[in-house]
>>> print(open('upload.tsv').read())   # TSV, C-alpha atoms and all ligand atoms
chain	number	residue	atom	x	y	z
K	19	MET	CA	103.06	118.35	5.15
K	20	ARG	CA	104.10	121.88	6.03
K	21	ARG	CA	104.06	121.05	9.68
K	22	CYS	CA	106.23	118.03	9.16
K	23	CYS	CA	108.92	120.00	7.34
K	24	LEU	CA	108.93	122.69	9.95
K	25	SER	CA	109.51	120.23	12.78
K	26	MET	CA	112.33	118.62	10.77
K	27	VAL	CA	114.00	121.99	10.35
K	28	ILE	CA	113.67	122.66	14.07
K	29	ALA	CA	115.08	119.23	14.94
K	30	VAL	CA	118.09	119.69	12.64
K	31	ALA	CA	118.72	123.19	13.98
K	32	PHE	CA	118.57	121.87	17.53
K	33	CYS	CA	121.13	119.15	16.77
K	34	LEU	CA	123.52	121.68	15.22
K	35	VAL	CA	123.20	124.02	18.18
K	36	SER	CA	123.82	121.28	20.74
K	37	ALA	CA	126.83	119.91	18.83
K	38	TRP	CA	128.27	123.39	18.69
K	39	ALA	CA	127.62	124.01	22.39
K	40	PHE	CA	129.35	120.72	23.24
K	41	ALA	CA	132.45	121.68	21.24
K	42	ALA	CA	132.61	125.23	22.60
K	43	ASP	CA	132.19	124.02	26.17
K	44	GLY	CA	134.90	121.39	25.88
K	45	GLU	CA	137.37	123.86	24.43
K	46	ALA	CA	136.62	126.53	27.03
K	47	LEU	CA	136.92	123.97	29.83
K	48	VAL	CA	140.28	122.75	28.54
K	49	GLN	CA	141.50	126.36	28.38
K	50	SER	CA	140.39	127.13	31.92
K	51	THR	CA	141.08	123.79	33.63
K	52	CYS	CA	144.14	122.33	31.94
K	53	THR	CA	146.27	125.48	32.16
K	54	LYS	CA	146.21	125.58	35.97
K	55	CYS	CA	149.42	123.58	36.33
K	56	HIS	CA	151.02	123.54	32.88
K	57	ASP	CA	150.49	125.29	29.58
K	58	LEU	CA	148.59	123.79	26.67
K	59	GLY	CA	151.83	122.56	25.11
K	60	ARG	CA	151.53	119.32	27.05
K	61	VAL	CA	147.92	118.95	26.02
K	62	ARG	CA	148.63	119.77	22.37
K	63	ALA	CA	151.48	117.27	22.23
K	64	ALA	CA	149.03	114.48	23.03
K	65	ILE	CA	146.22	115.60	20.71
K	66	GLY	CA	145.79	113.15	17.87
K	67	VAL	CA	147.98	110.66	19.76
K	68	LYS	CA	145.63	109.67	22.57
K	69	ASP	CA	142.25	108.16	21.75
K	70	GLN	CA	139.10	108.63	23.82
K	71	ALA	CA	140.02	105.88	26.30
K	72	ALA	CA	143.50	107.32	26.80
K	73	TRP	CA	142.09	110.82	27.30
K	74	THR	CA	139.58	109.53	29.84
K	75	THR	CA	142.47	108.08	31.86
K	76	THR	CA	144.68	111.16	31.45
K	77	VAL	CA	141.95	113.67	32.35
K	78	ALA	CA	140.96	111.60	35.41
K	79	ARG	CA	144.64	111.38	36.43
K	80	MET	CA	145.15	115.16	36.04
K	81	LEU	CA	142.02	116.02	37.97
K	82	ALA	CA	142.95	113.62	40.79
K	83	LYS	CA	146.14	115.57	41.51
K	84	PRO	CA	146.15	117.29	44.91
K	85	ASN	CA	145.87	120.88	43.64
K	86	ALA	CA	143.54	120.22	40.71
K	87	PRO	CA	140.38	122.32	40.36
K	88	ALA	CA	137.06	120.65	41.11
K	89	VAL	CA	135.43	119.56	37.83
K	90	GLY	CA	132.06	117.80	37.63
K	91	ALA	CA	131.46	114.57	35.72
K	92	GLU	CA	129.59	116.38	32.96
K	93	GLU	CA	132.40	118.89	32.42
K	94	GLN	CA	134.92	116.08	32.50
K	95	ALA	CA	132.96	114.31	29.74
K	96	SER	CA	132.95	117.51	27.63
K	97	ILE	CA	136.71	117.86	28.10
K	98	VAL	CA	137.34	114.25	27.02
K	99	GLY	CA	134.87	114.65	24.14
K	100	TRP	CA	136.58	117.75	22.84
K	101	LEU	CA	140.14	116.42	23.27
K	102	SER	CA	139.45	113.12	21.53
K	103	THR	CA	137.81	114.78	18.49
K	104	GLN	CA	140.65	117.23	17.81
K	105	SER	CA	143.44	116.58	15.37
K	106	LYS	CA	146.75	118.34	14.87
Q	1	LIG	C1	146.74	119.82	39.32
Q	1	LIG	C2	147.65	120.17	38.25
Q	1	LIG	C3	147.29	119.74	36.84
Q	1	LIG	C4	146.12	119.97	36.17
Q	1	LIG	C5	144.88	120.71	36.65
Q	1	LIG	C6	146.29	119.35	34.87
Q	1	LIG	N1	147.52	118.77	34.76
Q	1	LIG	FE1	148.27	117.75	33.16
Q	1	LIG	N2	149.98	117.37	34.17
Q	1	LIG	C7	150.28	117.82	35.44
Q	1	LIG	C8	151.61	117.36	35.83
Q	1	LIG	C9	152.28	117.64	37.17
Q	1	LIG	C10	152.10	116.62	34.73
Q	1	LIG	C11	153.46	115.87	34.60
Q	1	LIG	C12	153.49	114.63	35.45
Q	1	LIG	C13	152.47	113.59	35.05
Q	1	LIG	O1	152.42	113.17	33.88
Q	1	LIG	O2	151.68	113.20	35.92
Q	1	LIG	C14	151.05	116.65	33.69
Q	1	LIG	C15	151.14	116.02	32.47
Q	1	LIG	C16	150.18	116.05	31.48
Q	1	LIG	C17	150.28	115.36	30.19
Q	1	LIG	C18	151.46	114.52	29.70
Q	1	LIG	C19	151.49	113.17	30.39
Q	1	LIG	C20	150.48	112.20	29.81
Q	1	LIG	O3	149.87	111.46	30.60
Q	1	LIG	O4	150.27	112.18	28.57
Q	1	LIG	C21	149.11	115.61	29.53
Q	1	LIG	C22	148.72	115.12	28.14
Q	1	LIG	C23	148.28	116.44	30.39
Q	1	LIG	N3	148.97	116.69	31.56
Q	1	LIG	C24	147.03	116.87	30.05
Q	1	LIG	C25	146.19	117.60	30.90
Q	1	LIG	C26	144.83	117.94	30.60
Q	1	LIG	C27	144.09	117.57	29.32
Q	1	LIG	C28	144.34	118.63	31.67
Q	1	LIG	C29	142.92	119.18	31.87
Q	1	LIG	C30	141.88	118.21	32.01
Q	1	LIG	C31	145.41	118.71	32.66
Q	1	LIG	N4	146.52	118.08	32.16
Q	1	LIG	C32	145.30	119.35	33.89
Q	1	LIG	C33	149.47	118.57	36.26
Q	1	LIG	C34	148.18	118.99	35.95
>>> encode(input="upload.tsv", output="structure tokens")
Amino acid sequence: MRRCCLSMVIAVAFCLVSAWAFAADGEALVQSTCTKCHDLGRVRAAIGVKDQAAWTTTVARMLAKPNAPAVGAEEQASIVGWLSTQSK
């Protein structure tokens, strides 16, 4: 019984930590990647307007521009994840 509770606590703690890491990563990546060509005003204007599908398209379009920084698929997913869960 004791053992069972302990592993539940560990599992819940792990979920909280990974959700937090996901959010922090996405935000940091937006700050560092999306300010290369324009400020966050453009990004903020679209927050709460674009859904996840729209953000996927926009982020892919931004990162396909000739002078865009190289961003891996995983980072790109964190960026889209963070952007589509924010609200104004
Ligand atoms: C390589 C330069 C560059 C980078 C990096 C970049 N952008 Fe942009 N972005 C632009 C330019 C240029 C425009 C205006 C022309 C256009 O819409 O293509 C723009 C326009 C936008 C717009 C308004 C147009 C629309 O489709 O809604 C949004 C929102 C946006 N960017 C979000 C982002 C986000 C989020 C990131 C980070 C993943 C990002 N941008 C990174 C160059 C960039």
>>> residues_near_ligand(input="upload.tsv", ligand="ligand LIG 1 (chain Q)", cutoff="6 Å", atoms="all atoms listed in the file", output="MDAnalysis selection string")
chainID K and resid 48 51:52 54:55 60:61 64 76:77 80:81 83 85:86
>>> atom_distance(input="upload.tsv", atom1="atom CA of K:Ser105", atom2="atom CA of K:Pro87")
25.8 Å
>>> atom_distance(input="upload.tsv", atom1="atom CA of K:Ser96", atom2="atom CA of K:Pro84")
21.7 Å
>>> residues_around(input="upload.tsv", residues="stretch 68-75 of chain K", least_positions_apart="2", cutoff="9 Å", atoms="only C-alpha atoms", output="ChimeraX atom specification")
/K:64-66,77-80,94-95,97-99,101-103
>>> atom_distance(input="upload.tsv", atom1="atom CA of K:Glu92", atom2="atom CA of K:Lys106")
25.0 Å
>>> closest_residue(input="upload.tsv", among="K:Asp57, K:Val67, K:Ser50, K:Gln104", to="K:Ala88", atoms="all atoms listed in the file")
K:Ser50
